[in-house]
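The block underneath contains the structure these notes are about, expressed in structure tokens.
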Amino acid sequence: MTAPVTAPVTDWLAVCRAAVEDVRGALDALPTRVEREPVVGAGLGGDDTTAIDRAAEDAIIARFRDLDVTIVSEEVGRVGTGSTIVVVDPIDGSINAKRGIPFFSLSIAIAEGERMDDVFFGYVYDFGSSEEWTATRGCGAQLNGESLGAVLPKDTIDLLSFEATRTELIARDAPKMLGVADRLRIMGSLALTLCHLAAGRLDGVVSLKGARSVDIAAAQLLIRE
């Protein structure tokens, strides 16, 4: 009998680690705010596309182009027709990245369908701390290869993080937290902030406006796992 032919299994962790180096190359090529911040277009997510946004996204698309995937990304929207969906934010926390503040990330989620439940692998890399956050559906979540879950958020909210942090939104919603949370943090990368929640570093996270799938698809799996 002839052995059945099976499709090759993609090593998603290796692909994501290679994508980190791709984005790092884009960052190195545009080292300061002067090079990173110029607006070069408008993304489908509604925000201005800056030079660093485009360079990082171009690098990611090139990395995944030869795989049988559909890419969903912040600037270009949907690319490809593959059965596996890759939801990516090449730079989550791009304002921090533009200004040289070391709290921004690459977020990649691999999914077998259109829903958050369909995400089976999540990857978030912090370019400031070099921390690598991963999760595999049904197999747990890890920080730098060590399992998360031993330390959980507190039952009472001592430390709460805000995201989507325009001044008017903070002014509107911060007073509502009186008696709910003792302290606030405003850090500027929703993907990373959710990872910190998964590690018990934070006790809660609030996005002050609706979150986009590219920002949360990977990190939500870390929290679930």
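Ligands are numbered from 1 in the order shown, residues from 1 within each chain, and chains are lettered A, B, ... in the order they appear in the structure tokens.
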
Checklist line | Expected answer as a PyMOL selection string: alpha helix (DSSP H) residues in range 17-174 of chain A | finding: chain A and resi 17-29+33-36+51-64+94-99+167-173

Same residues, C-alpha atoms, saved as a short mmCIF file (atom, residue, chain, number, x, y, z; two decimals), in the first residue's frame:
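out_0.cif, written as the output of this step:
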data_model
loop_
_atom_site.label_atom_id
_atom_site.label_comp_id
_atom_site.auth_asym_id
_atom_site.auth_seq_id
_atom_site.Cartn_x
_atom_site.Cartn_y
_atom_site.Cartn_z
CA ARG A 17 10.58 34.25 15.33
CA ALA A 18 11.77 34.91 11.79
CA ALA A 19 9.12 37.63 11.51
CA VAL A 20 10.54 39.29 14.64
CA GLU A 21 13.87 39.62 12.86
CA ASP A 22 12.11 41.01 9.79
CA VAL A 23 10.46 43.75 11.86
CA ARG A 24 13.69 44.37 13.76
CA GLY A 25 15.36 44.99 10.40
CA ALA A 26 12.68 47.53 9.51
CA LEU A 27 13.20 49.27 12.85
CA ASP A 28 16.98 49.35 12.37
CA ALA A 29 16.56 50.86 8.90
CA ARG A 33 11.36 59.46 15.06
CA VAL A 34 12.43 61.54 12.06
CA GLU A 35 12.46 58.44 9.83
CA ARG A 36 9.62 56.51 11.48
CA ALA A 51 6.79 54.97 7.42
CA ILE A 52 7.52 52.44 10.16
CA ASP A 53 4.01 50.93 9.94
CA ARG A 54 4.43 50.33 6.21
CA ALA A 55 8.00 49.02 6.45
CA ALA A 56 7.09 46.54 9.20
CA GLU A 57 3.96 45.35 7.43
CA ASP A 58 5.76 44.92 4.11
CA ALA A 59 8.34 42.76 5.90
CA ILE A 60 5.64 40.60 7.51
CA ILE A 61 3.70 40.12 4.27
CA ALA A 62 6.89 39.06 2.53
CA ARG A 63 7.55 36.52 5.30
CA PHE A 64 4.11 34.87 4.96
CA SER A 94 3.27 52.14 17.06
CA ILE A 95 3.20 55.57 18.74
CA ASN A 96 5.64 54.23 21.33
CA ALA A 97 7.77 52.76 18.54
CA LYS A 98 7.83 56.05 16.64
CA ARG A 99 8.87 58.00 19.73
CA THR A 167 -7.02 62.40 26.61
CA GLU A 168 -10.76 62.86 26.17
CA LEU A 169 -11.41 59.14 26.70
CA ILE A 170 -9.34 59.04 29.88
CA ALA A 171 -11.08 62.16 31.20
CA ARG A 172 -14.44 60.56 30.47
CA ASP A 173 -13.80 57.13 31.97
#

For range 81-136 of chain A versus range 68-73 of chain A, which residues have an atom no more than 10 Å away, and what is each residue's nearest atom pair and distance in Å rounded to one decimal, using only C-alpha atoms, chain-then-number order, as JSON lines?
{"residue": "A:Thr81", "atom": "CA", "partner": "A:Thr70", "partner_atom": "CA", "distance": 5.1}
{"residue": "A:Gly82", "atom": "CA", "partner": "A:Val69", "partner_atom": "CA", "distance": 3.8}
{"residue": "A:Ser83", "atom": "CA", "partner": "A:Val69", "partner_atom": "CA", "distance": 5.9}
{"residue": "A:Thr84", "atom": "CA", "partner": "A:Val69", "partner_atom": "CA", "distance": 4.8}
{"residue": "A:Ile85", "atom": "CA", "partner": "A:Thr70", "partner_atom": "CA", "distance": 4.8}
{"residue": "A:Val86", "atom": "CA", "partner": "A:Ile71", "partner_atom": "CA", "distance": 4.8}
{"residue": "A:Val87", "atom": "CA", "partner": "A:Val72", "partner_atom": "CA", "distance": 4.7}
{"residue": "A:Val88", "atom": "CA", "partner": "A:Ser73", "partner_atom": "CA", "distance": 5.1}
{"residue": "A:Asp89", "atom": "CA", "partner": "A:Ser73", "partner_atom": "CA", "distance": 5.9}
{"residue": "A:Pro90", "atom": "CA", "partner": "A:Ser73", "partner_atom": "CA", "distance": 7.8}
{"residue": "A:Ile108", "atom": "CA", "partner": "A:Ser73", "partner_atom": "CA", "distance": 9.5}
{"residue": "A:Ala109", "atom": "CA", "partner": "A:Val72", "partner_atom": "CA", "distance": 9.7}
{"residue": "A:Ile110", "atom": "CA", "partner": "A:Val69", "partner_atom": "CA", "distance": 9.3}
{"residue": "A:Ala111", "atom": "CA", "partner": "A:Val69", "partner_atom": "CA", "distance": 9.7}
{"residue": "A:Glu112", "atom": "CA", "partner": "A:Val69", "partner_atom": "CA", "distance": 9.9}

Got time to write the residues from that selection, all heavy atoms, as a compact mmCIF listing (two decimals), in the first residue's frame?
# COMPACT_ATOMS: atom_id res chain seq x y z
N THR A 81 -5.60 34.01 -0.09
CA THR A 81 -6.81 33.18 -0.12
C THR A 81 -6.62 31.84 0.58
O THR A 81 -7.39 30.91 0.36
CB THR A 81 -7.23 32.94 -1.58
OG1 THR A 81 -6.16 32.30 -2.28
CG2 THR A 81 -7.59 34.25 -2.28
N GLY A 82 -5.59 31.74 1.40
CA GLY A 82 -5.32 30.46 2.06
C GLY A 82 -6.35 30.11 3.12
O GLY A 82 -7.07 30.97 3.64
N SER A 83 -6.42 28.83 3.46
CA SER A 83 -7.40 28.36 4.43
C SER A 83 -7.03 28.73 5.87
O SER A 83 -7.89 28.85 6.73
CB SER A 83 -7.55 26.84 4.32
OG SER A 83 -6.30 26.19 4.49
N THR A 84 -5.74 28.89 6.15
CA THR A 84 -5.29 29.32 7.47
C THR A 84 -5.22 30.85 7.50
O THR A 84 -4.72 31.47 6.56
CB THR A 84 -3.91 28.74 7.79
OG1 THR A 84 -4.00 27.31 7.77
CG2 THR A 84 -3.43 29.19 9.16
N ILE A 85 -5.75 31.44 8.56
CA ILE A 85 -5.80 32.90 8.68
C ILE A 85 -4.71 33.36 9.64
O ILE A 85 -4.58 32.83 10.75
CB ILE A 85 -7.18 33.36 9.16
CG1 ILE A 85 -8.25 32.95 8.13
CG2 ILE A 85 -7.20 34.87 9.39
CD1 ILE A 85 -9.66 33.23 8.57
N VAL A 86 -3.93 34.33 9.21
CA VAL A 86 -2.88 34.93 10.03
C VAL A 86 -3.31 36.36 10.33
O VAL A 86 -3.40 37.20 9.43
CB VAL A 86 -1.53 34.92 9.30
CG1 VAL A 86 -0.46 35.62 10.15
CG2 VAL A 86 -1.11 33.50 8.98
N VAL A 87 -3.61 36.63 11.61
CA VAL A 87 -4.04 37.96 12.03
C VAL A 87 -2.83 38.64 12.68
O VAL A 87 -2.31 38.16 13.69
CB VAL A 87 -5.21 37.89 13.03
CG1 VAL A 87 -5.70 39.29 13.39
CG2 VAL A 87 -6.36 37.06 12.45
N VAL A 88 -2.37 39.73 12.08
CA VAL A 88 -1.09 40.28 12.48
C VAL A 88 -1.17 41.79 12.69
O VAL A 88 -1.82 42.50 11.93
CB VAL A 88 0.01 39.93 11.44
CG1 VAL A 88 -0.36 40.44 10.06
CG2 VAL A 88 1.36 40.46 11.85
N ASP A 89 -0.54 42.25 13.75
CA ASP A 89 -0.25 43.66 13.93
C ASP A 89 1.27 43.78 13.96
O ASP A 89 1.91 43.40 14.94
CB ASP A 89 -0.85 44.21 15.22
CG ASP A 89 -0.82 45.73 15.28
OD1 ASP A 89 -0.04 46.33 14.51
OD2 ASP A 89 -1.56 46.32 16.09
N PRO A 90 1.88 44.26 12.87
CA PRO A 90 3.34 44.29 12.81
C PRO A 90 3.98 45.13 13.91
O PRO A 90 5.06 44.78 14.39
CB PRO A 90 3.62 44.88 11.42
CG PRO A 90 2.39 44.56 10.63
CD PRO A 90 1.26 44.67 11.60
N ILE A 108 0.99 38.17 16.42
CA ILE A 108 0.60 37.25 15.34
C ILE A 108 -0.32 36.17 15.91
O ILE A 108 0.04 35.50 16.88
CB ILE A 108 1.81 36.59 14.68
CG1 ILE A 108 2.76 37.64 14.08
CG2 ILE A 108 1.37 35.61 13.59
CD1 ILE A 108 4.06 37.06 13.55
N ALA A 109 -1.48 36.01 15.31
CA ALA A 109 -2.40 34.93 15.68
C ALA A 109 -2.63 34.05 14.46
O ALA A 109 -2.84 34.56 13.36
CB ALA A 109 -3.72 35.49 16.18
N ILE A 110 -2.59 32.74 14.65
CA ILE A 110 -2.84 31.78 13.58
C ILE A 110 -4.18 31.10 13.87
O ILE A 110 -4.38 30.56 14.96
CB ILE A 110 -1.72 30.72 13.51
CG1 ILE A 110 -0.33 31.38 13.58
CG2 ILE A 110 -1.87 29.88 12.25
CD1 ILE A 110 0.00 32.30 12.44
N ALA A 111 -5.08 31.14 12.89
CA ALA A 111 -6.46 30.66 13.13
C ALA A 111 -6.92 29.76 12.00
O ALA A 111 -6.48 29.90 10.85
CB ALA A 111 -7.41 31.85 13.28
N GLU A 112 -7.85 28.88 12.34
CA GLU A 112 -8.42 27.97 11.34
C GLU A 112 -9.78 28.45 10.86
O GLU A 112 -10.44 27.78 10.07
CB GLU A 112 -8.54 26.56 11.95
CG GLU A 112 -9.41 26.51 13.18
CD GLU A 112 -9.22 25.22 13.98
OE1 GLU A 112 -8.37 24.40 13.56
OE2 GLU A 112 -9.90 25.04 14.99

Checklist line | Residue with smallest distance to Met187 in chain A - pool A:Ser207, A:Ser147, A:Ser161, A:Thr32, counting only C-alpha atoms | finding: A:Ser161

Residues of range 92-127 of chain A classed as strand (DSSP E or B) by DSSP on the backbone are to be reported as a short mmCIF file (atom, residue, chain, number, x, y, z; two decimals) with N, CA, C and O atoms, in the first residue's frame.
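Result saved to out28.cif:
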data_model
loop_
_atom_site.label_atom_id
_atom_site.label_comp_id
_atom_site.auth_asym_id
_atom_site.auth_seq_id
_atom_site.Cartn_x
_atom_site.Cartn_y
_atom_site.Cartn_z
N ASP A 92 2.28 46.76 17.31
CA ASP A 92 1.22 47.17 18.23
C ASP A 92 1.86 48.08 19.28
O ASP A 92 2.78 47.67 19.99
N SER A 105 5.12 45.94 20.31
CA SER A 105 5.21 44.50 20.07
C SER A 105 4.83 44.13 18.65
O SER A 105 4.19 44.89 17.92
N LEU A 106 5.21 42.91 18.29
CA LEU A 106 4.69 42.21 17.12
C LEU A 106 3.67 41.20 17.62
O LEU A 106 3.96 40.42 18.53
N SER A 107 2.46 41.24 17.06
CA SER A 107 1.40 40.32 17.46
C SER A 107 0.96 39.49 16.27
O SER A 107 0.60 40.06 15.23
N ILE A 108 0.99 38.17 16.42
CA ILE A 108 0.60 37.25 15.34
C ILE A 108 -0.32 36.17 15.91
O ILE A 108 0.04 35.50 16.88
N ALA A 109 -1.48 36.01 15.31
CA ALA A 109 -2.40 34.93 15.68
C ALA A 109 -2.63 34.05 14.46
O ALA A 109 -2.84 34.56 13.36
N ILE A 110 -2.59 32.74 14.65
CA ILE A 110 -2.84 31.78 13.58
C ILE A 110 -4.18 31.10 13.87
O ILE A 110 -4.38 30.56 14.96
N ALA A 111 -5.08 31.14 12.89
CA ALA A 111 -6.46 30.66 13.13
C ALA A 111 -6.92 29.76 12.00
O ALA A 111 -6.48 29.90 10.85
N VAL A 119 -8.62 30.71 16.86
CA VAL A 119 -7.18 30.95 16.98
C VAL A 119 -6.54 29.76 17.71
O VAL A 119 -6.95 29.43 18.83
N PHE A 120 -5.55 29.13 17.09
CA PHE A 120 -4.91 27.97 17.74
C PHE A 120 -3.47 28.23 18.15
O PHE A 120 -2.87 27.45 18.87
N PHE A 121 -2.90 29.35 17.68
CA PHE A 121 -1.55 29.72 18.11
C PHE A 121 -1.45 31.23 18.18
O PHE A 121 -1.88 31.93 17.25
N GLY A 122 -0.93 31.71 19.29
CA GLY A 122 -0.75 33.14 19.48
C GLY A 122 0.68 33.47 19.84
O GLY A 122 1.32 32.73 20.61
N TYR A 123 1.18 34.57 19.29
CA TYR A 123 2.57 34.97 19.50
C TYR A 123 2.64 36.48 19.64
O TYR A 123 2.12 37.22 18.78
N VAL A 124 3.27 36.95 20.72
CA VAL A 124 3.49 38.38 20.94
C VAL A 124 4.94 38.55 21.38
O VAL A 124 5.39 37.89 22.32
N TYR A 125 5.65 39.45 20.69
CA TYR A 125 7.05 39.70 21.02
C TYR A 125 7.21 41.15 21.42
O TYR A 125 6.82 42.07 20.68
N ASP A 126 7.81 41.38 22.59
CA ASP A 126 8.05 42.71 23.13
C ASP A 126 9.44 43.17 22.71
O ASP A 126 10.46 42.61 23.15
#

Note to self: For a quick check of understanding, using only C-alpha atoms, which of A:Ala181, A:Ala199, A:Ala164, A:Ile186 has the smallest distance to Arg212 in chain A?
What the structure shows: A:Ala164

Check: Neighbours of Ser129 in chain A within 12 Å (only C-alpha atoms; same-chain residues fewer than 6 positions away dropped), as a count of residues only?
Finding: 8

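When only C-alpha atoms are used to measure the gap to Ala141 in chain A, the shortest distance among A:Val79, A:Leu197, A:Leu221, A:Ile216 belongs to A:Leu221.
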